[in-house]
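*Asks:* Structure below; questions to follow.
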Amino acid sequence: MRNPLSKTIVQIKPSGIRKFFDIVSEMPDAISLGVGEPDFDTPWHVRDEGIYALEKGRTFYTSNSGLKELREEICKYYSRKFQADYDPIHECLITVGGSEGIDIALRAMLDPGDEVIIPEPCYVSYLPCVELTYGVPVHIPLKAENEFRLTAEELEAAITDKTKLVILPFPNNPTGAIMEREDLEKVAKVIMDHDLYVLSDEIYAELSYKDKHVSIASLPGMRDRTIVINGFSKAYAMTGWRLGYALAPQIICEQMTKIHQFAIMCAPTNSQYAAIDAIKNGDKDIEMMVQAYDQRRRFLLQTFKEMGLPCFEPYGAFYVFPCIKQFGMTSDEFALELLKKEKVAVVPGTAFGDCGEGYLRISYAYSIEELKEAIGRIRHFIDTL
Amino acid sequence: MRTKILNLIEEDCKLTAKDIAAMLGETEEAVAAEIAAMEKERVICGYTTIVDWDKTDEEYVTAIIELRVTPQRGEGFDKIANRIVNYPEVDTVYLMSGGYDFAVIVKGKTMKEVALFVANKLAPMEAVVGTATHFVLKKYKEHGVGITNVTKSERLAVMP
């Protein structure tokens with residue numbers, strides 16, 4: 001028989017996290033700190049709205065771009081919270097999670113051979129999505145001494161004649177790093193000097209513990225160069241609803257909508273109705289969750305300090321990224337041993353790029369009680385090394 | 001800092017001063033001192049445990065009793081309330097707006113015991129003009145905690 005597979009897809013590496021997941025799922029009594037989603041339930045008023053939409057028989061397709069009311073609320077929200085203005089009719093697209101937005105933005109913008117700058121460590125899907133469009137990924141290994149922020153110098157050094165797009169994944173999964181206004185201003189200057197575009201993945205924007213998140217789209221001259229990816233998963237604890245959105249200049253948004261129209265049709269109708277309620281009435285829920293995450297974040301950092309486990313202070317998302325280089329093991333070895341000996345699952349930093357070597361991603365989307373138990377076991381593990 | 005501490009220990013009074021200090025970015029001493037001060041001022045009135053007695057072999061019954069009373073000149077409702085709270089059978093007393101005056105939560109071993117307490121102690125009080133006793137059949141949620149419908153999280157163990 002002929003080989004049924006595409007060479008392109010076969011040469012793409014499966015996610016490093018998947019391998020780890022398979023091991024953990026064989027250990028029912030393991031405690032996991034490996035989850036990338038909130039531990040909170042979707043706020044009841046949002047679920048109630050979803051149920052109500054079903055009761056009302058709202059079970060049909062919506063327009064390809066998504067419900068107009070939802071797009072209007074999203075644009076109002078972005079303008080209110082992040083001072084970035086997009087037109088709800090032509091510049092906003094409702095997607096199936098932020099991940100779809102990433103995929104179709106790349107497909108809408110890249111020709112084969114176009115270079116895309118990807119700062120690492122980062123979320124696992126940018127690289128394969130770039131490869132699927134025959135784009136060329138160019139990695140920037142971010143440095144611990146810069147608190148894993150992207151500097152203008154690092155960016156400048158990675159740019160070639162073929163560079164078209166820069167991915168800006170902040171607040172960052174897995175490091176928890178953020179970019180503050182002055183960091184963004186320096187990077188924005190380089191981007192404008194070289195006539196580049198930015199894909200700003202702001203899915204963790206609400207989970208910022210220092211100052212409010214700054215969107216690069218709000219900086220002078222950057223709106224027309226920026227595709228903002230965001231969604232409801234992290235801010236409103238709505239991962240399973242699969243609802244995200246992209247805000248992009250009309251010329252880009254139109255092409256993204258075209259792909260979305262052929263590949264997806266529309267995001268789930270029920271989720272869209274629930275999301276309208278989330279974005280209109282969810283500020284208090286976000287505030288409650290952010291406060292809880294912040295307390296857990298401080299708790300973990302304090303505990304690491306006592307344990308002598310070095311970790312820079314991350315101000316975003318719900319991850320800490322401690323350094324384990326002092327133990328003379330690779331991230332993979334450390335994580336596997338920890339799982340075997342103490343039954344605690346964490347994700348090796350290398351799952352998010354080679355430069356994650358020597359680090360672990362620990363999620364604090366868990367109750368303090370669970371964190372205490374897990375950290376107690378990690379402490380015991382380290383003491384026996 | 002007070003409100004933040006209270007919000008945390010109202011949810012979980014087993015948190016130590018050390019935990020709270022780490023979570024709030026304060027020192028352990030400052031948190032311990034603040035808690036001690038609040039205990040002294042009776043901002044914190046006590047610590048309790050939410051128990052699902054249905055899971056034990058103990059016999060118990062809870063009733064909510066509506067009391068209608070005649071407030072007394074110069075004393076209002078407080079004098080009557082202060083008499084009612086003295087009974088150890090009485091768990092909770094609220095002054096209510098609406099159709100009756102006091103909601104009294106009474107705990108006892110059996111329905112008969114509670115009914116007799118109402119008949120012998122509460123109803124005959126001079127100011128009381130009427131009572132209505134409602135027995136609790138099943139508890140679904142107490143102190144913000146679900147009693148019956150606790151489901152296990154279905155989150156996958158490792159996700160990007």
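Residue names in the structure tokens use chain letters A, B, ... in the order shown, residue numbers from 1 in each chain, and ligand numbers from 1 in the order shown.
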Per residue of chain B within 6 Å of chain A, what are the shortest atom pair and its distance in Å to one decimal, counting only C-alpha atoms, with rows by chain and residue number, as a Markdown table?

*Replies:*
| residue | atom | partner | partner_atom | distance |
| --- | --- | --- | --- | --- |
| B:Ala22 | CA | A:Phe299 | CA | 4.7 |
| B:Met23 | CA | A:Gln295 | CA | 4.1 |
| B:Leu24 | CA | A:Gln295 | CA | 5.9 |
| B:Ala157 | CA | A:Ser32 | CA | 5.6 |
| B:Val158 | CA | A:Gly34 | CA | 4.6 |
| B:Met159 | CA | A:Val35 | CA | 5.0 |
| B:Pro160 | CA | A:Gly36 | CA | 5.4 |

*Asks:* How about saving the chosen residues, N, CA, C and O atoms kept, as a PDB file, in the first residue's frame?

*Replies:*
ATOM      1  N   ALA B  22       2.619  33.767  54.089  1.00  0.00           N
ATOM      2  CA  ALA B  22       3.186  33.521  52.763  1.00  0.00           C
ATOM      3  C   ALA B  22       2.197  33.930  51.678  1.00  0.00           C
ATOM      4  O   ALA B  22       2.563  34.565  50.694  1.00  0.00           O
ATOM      5  N   MET B  23       0.932  33.598  51.869  1.00  0.00           N
ATOM      6  CA  MET B  23      -0.072  33.877  50.839  1.00  0.00           C
ATOM      7  C   MET B  23      -0.314  35.374  50.653  1.00  0.00           C
ATOM      8  O   MET B  23      -0.634  35.828  49.577  1.00  0.00           O
ATOM      9  N   LEU B  24      -0.166  36.130  51.744  1.00  0.00           N
ATOM     10  CA  LEU B  24      -0.465  37.562  51.656  1.00  0.00           C
ATOM     11  C   LEU B  24       0.795  38.411  51.531  1.00  0.00           C
ATOM     12  O   LEU B  24       0.712  39.632  51.396  1.00  0.00           O
ATOM     13  N   ALA B 157      -4.758  15.062  34.098  1.00  0.00           N
ATOM     14  CA  ALA B 157      -3.640  15.272  35.014  1.00  0.00           C
ATOM     15  C   ALA B 157      -2.559  16.193  34.454  1.00  0.00           C
ATOM     16  O   ALA B 157      -1.944  16.951  35.186  1.00  0.00           O
ATOM     17  N   VAL B 158      -2.312  16.126  33.167  1.00  0.00           N
ATOM     18  CA  VAL B 158      -1.260  16.953  32.571  1.00  0.00           C
ATOM     19  C   VAL B 158      -1.789  17.554  31.277  1.00  0.00           C
ATOM     20  O   VAL B 158      -2.298  16.839  30.416  1.00  0.00           O
ATOM     21  N   MET B 159      -1.723  18.858  31.170  1.00  0.00           N
ATOM     22  CA  MET B 159      -2.177  19.531  29.950  1.00  0.00           C
ATOM     23  C   MET B 159      -1.241  20.688  29.637  1.00  0.00           C
ATOM     24  O   MET B 159      -0.695  21.292  30.550  1.00  0.00           O
ATOM     25  N   PRO B 160      -1.043  20.985  28.346  1.00  0.00           N
ATOM     26  CA  PRO B 160      -0.170  22.120  28.027  1.00  0.00           C
ATOM     27  C   PRO B 160      -0.826  23.428  28.456  1.00  0.00           C
ATOM     28  O   PRO B 160      -0.152  24.392  28.644  1.00  0.00           O
TER      29      PRO B 160
END

*Asks:* Kindly assemble as JSON lines a list of the region 243-282 of chain A residues that lie within 6 Å of region 58-73 of chain A, each paired with its nearest atom pair and their distance in Å to one decimal, using only C-alpha atoms, sorted first by chain and then by ascending residue number.

*Replies:*
{"residue": "A:Gln261", "atom": "CA", "partner": "A:Asn64", "partner_atom": "CA", "distance": 5.6}
{"residue": "A:Met265", "atom": "CA", "partner": "A:Asn64", "partner_atom": "CA", "distance": 5.6}
{"residue": "A:Cys266", "atom": "CA", "partner": "A:Asn64", "partner_atom": "CA", "distance": 4.8}
{"residue": "A:Ile276", "atom": "CA", "partner": "A:Leu70", "partner_atom": "CA", "distance": 5.3}

*Asks:* Hey, what does DSSP flag as alpha helix (DSSP H) within region 4-157 of chain B? Can you give it to me as an mmCIF file with N, CA, C and O atoms, in the first residue's frame?

*Replies:*
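Result file is result.cif:
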data_model
loop_
_atom_site.group_PDB
_atom_site.id
_atom_site.type_symbol
_atom_site.label_atom_id
_atom_site.label_comp_id
_atom_site.auth_asym_id
_atom_site.auth_seq_id
_atom_site.Cartn_x
_atom_site.Cartn_y
_atom_site.Cartn_z
ATOM 1 N N LYS B 4 -8.439 40.529 54.449
ATOM 2 C CA LYS B 4 -7.797 39.444 53.705
ATOM 3 C C LYS B 4 -7.630 38.209 54.583
ATOM 4 O O LYS B 4 -7.895 37.088 54.157
ATOM 5 N N ILE B 5 -7.196 38.424 55.819
ATOM 6 C CA ILE B 5 -7.042 37.284 56.737
ATOM 7 C C ILE B 5 -8.396 36.628 56.981
ATOM 8 O O ILE B 5 -8.550 35.410 56.910
ATOM 9 N N LEU B 6 -9.399 37.482 57.255
ATOM 10 C CA LEU B 6 -10.728 36.935 57.563
ATOM 11 C C LEU B 6 -11.276 36.132 56.391
ATOM 12 O O LEU B 6 -11.837 35.056 56.566
ATOM 13 N N ASN B 7 -11.103 36.672 55.172
ATOM 14 C CA ASN B 7 -11.594 35.941 53.999
ATOM 15 C C ASN B 7 -10.945 34.565 53.900
ATOM 16 O O ASN B 7 -11.599 33.586 53.543
ATOM 17 N N LEU B 8 -9.657 34.500 54.223
ATOM 18 C CA LEU B 8 -8.966 33.214 54.124
ATOM 19 C C LEU B 8 -9.411 32.246 55.212
ATOM 20 O O LEU B 8 -9.741 31.095 54.930
ATOM 21 N N ILE B 9 -9.461 32.702 56.468
ATOM 22 C CA ILE B 9 -9.762 31.731 57.535
ATOM 23 C C ILE B 9 -11.255 31.469 57.660
ATOM 24 O O ILE B 9 -11.649 30.474 58.251
ATOM 25 N N GLU B 10 -12.077 32.325 57.069
ATOM 26 C CA GLU B 10 -13.499 31.992 57.062
ATOM 27 C C GLU B 10 -13.720 30.763 56.181
ATOM 28 O O GLU B 10 -14.584 29.936 56.434
ATOM 29 N N GLU B 11 -12.901 30.630 55.136
ATOM 30 C CA GLU B 11 -12.953 29.454 54.258
ATOM 31 C C GLU B 11 -12.279 28.252 54.901
ATOM 32 O O GLU B 11 -12.752 27.143 54.771
ATOM 33 N N ALA B 17 -0.708 30.634 60.678
ATOM 34 C CA ALA B 17 -0.264 32.020 60.485
ATOM 35 C C ALA B 17 0.856 32.067 59.452
ATOM 36 O O ALA B 17 0.957 32.999 58.659
ATOM 37 N N LYS B 18 1.680 31.017 59.438
ATOM 38 C CA LYS B 18 2.785 30.954 58.486
ATOM 39 C C LYS B 18 2.252 30.874 57.051
ATOM 40 O O LYS B 18 2.712 31.594 56.166
ATOM 41 N N ASP B 19 1.262 29.997 56.829
ATOM 42 C CA ASP B 19 0.667 29.882 55.497
ATOM 43 C C ASP B 19 0.068 31.218 55.059
ATOM 44 O O ASP B 19 0.286 31.676 53.941
ATOM 45 N N ILE B 20 -0.706 31.802 55.961
ATOM 46 C CA ILE B 20 -1.399 33.053 55.614
ATOM 47 C C ILE B 20 -0.385 34.134 55.288
ATOM 48 O O ILE B 20 -0.540 34.880 54.319
ATOM 49 N N ALA B 21 0.686 34.184 56.085
ATOM 50 C CA ALA B 21 1.718 35.192 55.849
ATOM 51 C C ALA B 21 2.322 35.020 54.459
ATOM 52 O O ALA B 21 2.471 35.985 53.709
ATOM 53 N N ALA B 22 2.619 33.767 54.089
ATOM 54 C CA ALA B 22 3.186 33.521 52.763
ATOM 55 C C ALA B 22 2.197 33.930 51.678
ATOM 56 O O ALA B 22 2.563 34.565 50.694
ATOM 57 N N MET B 23 0.932 33.598 51.869
ATOM 58 C CA MET B 23 -0.072 33.877 50.839
ATOM 59 C C MET B 23 -0.314 35.374 50.653
ATOM 60 O O MET B 23 -0.634 35.828 49.577
ATOM 61 N N LEU B 24 -0.166 36.130 51.744
ATOM 62 C CA LEU B 24 -0.465 37.562 51.656
ATOM 63 C C LEU B 24 0.795 38.411 51.531
ATOM 64 O O LEU B 24 0.712 39.632 51.396
ATOM 65 N N GLU B 28 5.003 36.347 59.408
ATOM 66 C CA GLU B 28 4.240 35.435 60.240
ATOM 67 C C GLU B 28 3.822 36.120 61.550
ATOM 68 O O GLU B 28 2.678 35.986 61.996
ATOM 69 N N GLU B 29 4.751 36.904 62.104
ATOM 70 C CA GLU B 29 4.471 37.570 63.381
ATOM 71 C C GLU B 29 3.314 38.542 63.238
ATOM 72 O O GLU B 29 2.409 38.592 64.074
ATOM 73 N N ALA B 30 3.325 39.319 62.150
ATOM 74 C CA ALA B 30 2.272 40.317 61.945
ATOM 75 C C ALA B 30 0.909 39.647 61.823
ATOM 76 O O ALA B 30 -0.085 40.107 62.391
ATOM 77 N N VAL B 31 0.870 38.532 61.085
ATOM 78 C CA VAL B 31 -0.402 37.827 60.896
ATOM 79 C C VAL B 31 -0.880 37.251 62.221
ATOM 80 O O VAL B 31 -2.049 37.395 62.598
ATOM 81 N N ALA B 32 0.040 36.618 62.960
ATOM 82 C CA ALA B 32 -0.338 36.020 64.244
ATOM 83 C C ALA B 32 -0.861 37.086 65.194
ATOM 84 O O ALA B 32 -1.866 36.879 65.888
ATOM 85 N N ALA B 33 -0.210 38.244 65.204
ATOM 86 C CA ALA B 33 -0.634 39.327 66.091
ATOM 87 C C ALA B 33 -2.022 39.834 65.709
ATOM 88 O O ALA B 33 -2.870 40.101 66.562
ATOM 89 N N GLU B 34 -2.239 39.949 64.403
ATOM 90 C CA GLU B 34 -3.533 40.446 63.920
ATOM 91 C C GLU B 34 -4.649 39.468 64.286
ATOM 92 O O GLU B 34 -5.737 39.878 64.714
ATOM 93 N N ILE B 35 -4.384 38.182 64.141
ATOM 94 C CA ILE B 35 -5.401 37.177 64.485
ATOM 95 C C ILE B 35 -5.681 37.225 65.989
ATOM 96 O O ILE B 35 -6.845 37.221 66.423
ATOM 97 N N ALA B 36 -4.625 37.317 66.773
ATOM 98 C CA ALA B 36 -4.805 37.377 68.229
ATOM 99 C C ALA B 36 -5.638 38.600 68.614
ATOM 100 O O ALA B 36 -6.546 38.512 69.443
ATOM 101 N N ALA B 37 -5.347 39.726 67.964
ATOM 102 C CA ALA B 37 -6.099 40.953 68.260
ATOM 103 C C ALA B 37 -7.566 40.773 67.901
ATOM 104 O O ALA B 37 -8.463 41.189 68.643
ATOM 105 N N MET B 38 -7.821 40.139 66.761
ATOM 106 C CA MET B 38 -9.212 39.960 66.336
ATOM 107 C C MET B 38 -9.950 38.984 67.239
ATOM 108 O O MET B 38 -11.147 39.111 67.448
ATOM 109 N N GLU B 39 -9.219 38.015 67.770
ATOM 110 C CA GLU B 39 -9.856 37.088 68.715
ATOM 111 C C GLU B 39 -10.220 37.827 69.994
ATOM 112 O O GLU B 39 -11.302 37.652 70.552
ATOM 113 N N LYS B 40 -9.310 38.688 70.421
ATOM 114 C CA LYS B 40 -9.536 39.438 71.653
ATOM 115 C C LYS B 40 -10.714 40.397 71.489
ATOM 116 O O LYS B 40 -11.561 40.520 72.373
ATOM 117 N N ASP B 78 -34.100 43.076 72.040
ATOM 118 C CA ASP B 78 -32.847 42.528 72.562
ATOM 119 C C ASP B 78 -33.051 41.714 73.835
ATOM 120 O O ASP B 78 -32.418 40.670 74.030
ATOM 121 N N LYS B 79 -33.935 42.207 74.720
ATOM 122 C CA LYS B 79 -34.111 41.532 76.003
ATOM 123 C C LYS B 79 -34.610 40.101 75.779
ATOM 124 O O LYS B 79 -34.115 39.151 76.398
ATOM 125 N N ILE B 80 -35.577 39.963 74.852
ATOM 126 C CA ILE B 80 -36.121 38.630 74.581
ATOM 127 C C ILE B 80 -35.041 37.748 73.963
ATOM 128 O O ILE B 80 -34.848 36.604 74.363
ATOM 129 N N ALA B 81 -34.324 38.340 72.988
ATOM 130 C CA ALA B 81 -33.279 37.570 72.305
ATOM 131 C C ALA B 81 -32.245 37.079 73.311
ATOM 132 O O ALA B 81 -31.824 35.926 73.280
ATOM 133 N N ASN B 82 -31.847 37.954 74.218
ATOM 134 C CA ASN B 82 -30.820 37.576 75.187
ATOM 135 C C ASN B 82 -31.278 36.472 76.128
ATOM 136 O O ASN B 82 -30.459 35.741 76.681
ATOM 137 N N ARG B 83 -32.581 36.375 76.352
ATOM 138 C CA ARG B 83 -33.091 35.226 77.127
ATOM 139 C C ARG B 83 -32.973 33.948 76.305
ATOM 140 O O ARG B 83 -32.552 32.913 76.800
ATOM 141 N N ILE B 84 -33.377 34.081 75.017
ATOM 142 C CA ILE B 84 -33.420 32.868 74.170
ATOM 143 C C ILE B 84 -32.021 32.265 73.979
ATOM 144 O O ILE B 84 -31.845 31.056 74.031
ATOM 145 N N MET B 111 -37.056 14.596 67.322
ATOM 146 C CA MET B 111 -38.082 15.591 67.046
ATOM 147 C C MET B 111 -38.877 15.897 68.314
ATOM 148 O O MET B 111 -39.229 17.033 68.588
ATOM 149 N N LYS B 112 -39.127 14.854 69.082
ATOM 150 C CA LYS B 112 -39.916 15.033 70.297
ATOM 151 C C LYS B 112 -39.203 15.969 71.265
ATOM 152 O O LYS B 112 -39.809 16.876 71.843
ATOM 153 N N GLU B 113 -37.894 15.738 71.392
ATOM 154 C CA GLU B 113 -37.111 16.580 72.303
ATOM 155 C C GLU B 113 -37.196 18.046 71.889
ATOM 156 O O GLU B 113 -37.404 18.935 72.714
ATOM 157 N N VAL B 114 -37.055 18.299 70.574
ATOM 158 C CA VAL B 114 -37.107 19.681 70.096
ATOM 159 C C VAL B 114 -38.511 20.263 70.286
ATOM 160 O O VAL B 114 -38.681 21.405 70.747
ATOM 161 N N ALA B 115 -39.514 19.450 69.942
ATOM 162 C CA ALA B 115 -40.893 19.926 70.057
ATOM 163 C C ALA B 115 -41.219 20.274 71.508
ATOM 164 O O ALA B 115 -41.864 21.294 71.792
ATOM 165 N N LEU B 116 -40.734 19.443 72.440
ATOM 166 C CA LEU B 116 -40.998 19.707 73.855
ATOM 167 C C LEU B 116 -40.263 20.963 74.324
ATOM 168 O O LEU B 116 -40.794 21.740 75.120
ATOM 169 N N PHE B 117 -39.052 21.145 73.796
ATOM 170 C CA PHE B 117 -38.313 22.358 74.155
ATOM 171 C C PHE B 117 -39.098 23.607 73.732
ATOM 172 O O PHE B 117 -39.244 24.568 74.500
#

*Asks:* Give the answer as one residue: which of B:Gln72, B:Ala119, B:Arg2, B:Ile65 has the shortest atom-to-atom distance to Ile105 (chain B), using only C-alpha atoms?

*Replies:*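 Using only C-alpha atoms, the shortest distance to Ile105 (chain B) belongs to B:Ile65.
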
*Asks:* Need to verify the contact set: region 49-64 of chain B, 6 Å, only C-alpha atoms, exclusion of same-chain residues closer than 2 positions in sequence. Can you return it as a list in words?

*Replies:*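 Here the answer would be Val104, Ile105, Val106, Lys107, Gly108, Lys109, Thr110, His134, Phe135 and Val136 of chain B.
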
*Asks:* From the DSSP assignment of the backbone, select every residue of region 43-239 of chain A that is strand (DSSP E), and format the answer as an NGL selection string.

*Replies:* :A and (92-95 or 115-120 or 136-141 or 163-168 or 197-201 or 226-231)

*Asks:* Just how far from CA of Ala188 (chain A) is CA of Ile216 (chain A), in Å to one decimal?

*Replies:*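 Computing the Euclidean distance for CA of Ile216 (chain A) and CA of Ala188 (chain A) yields 7.4 Å.
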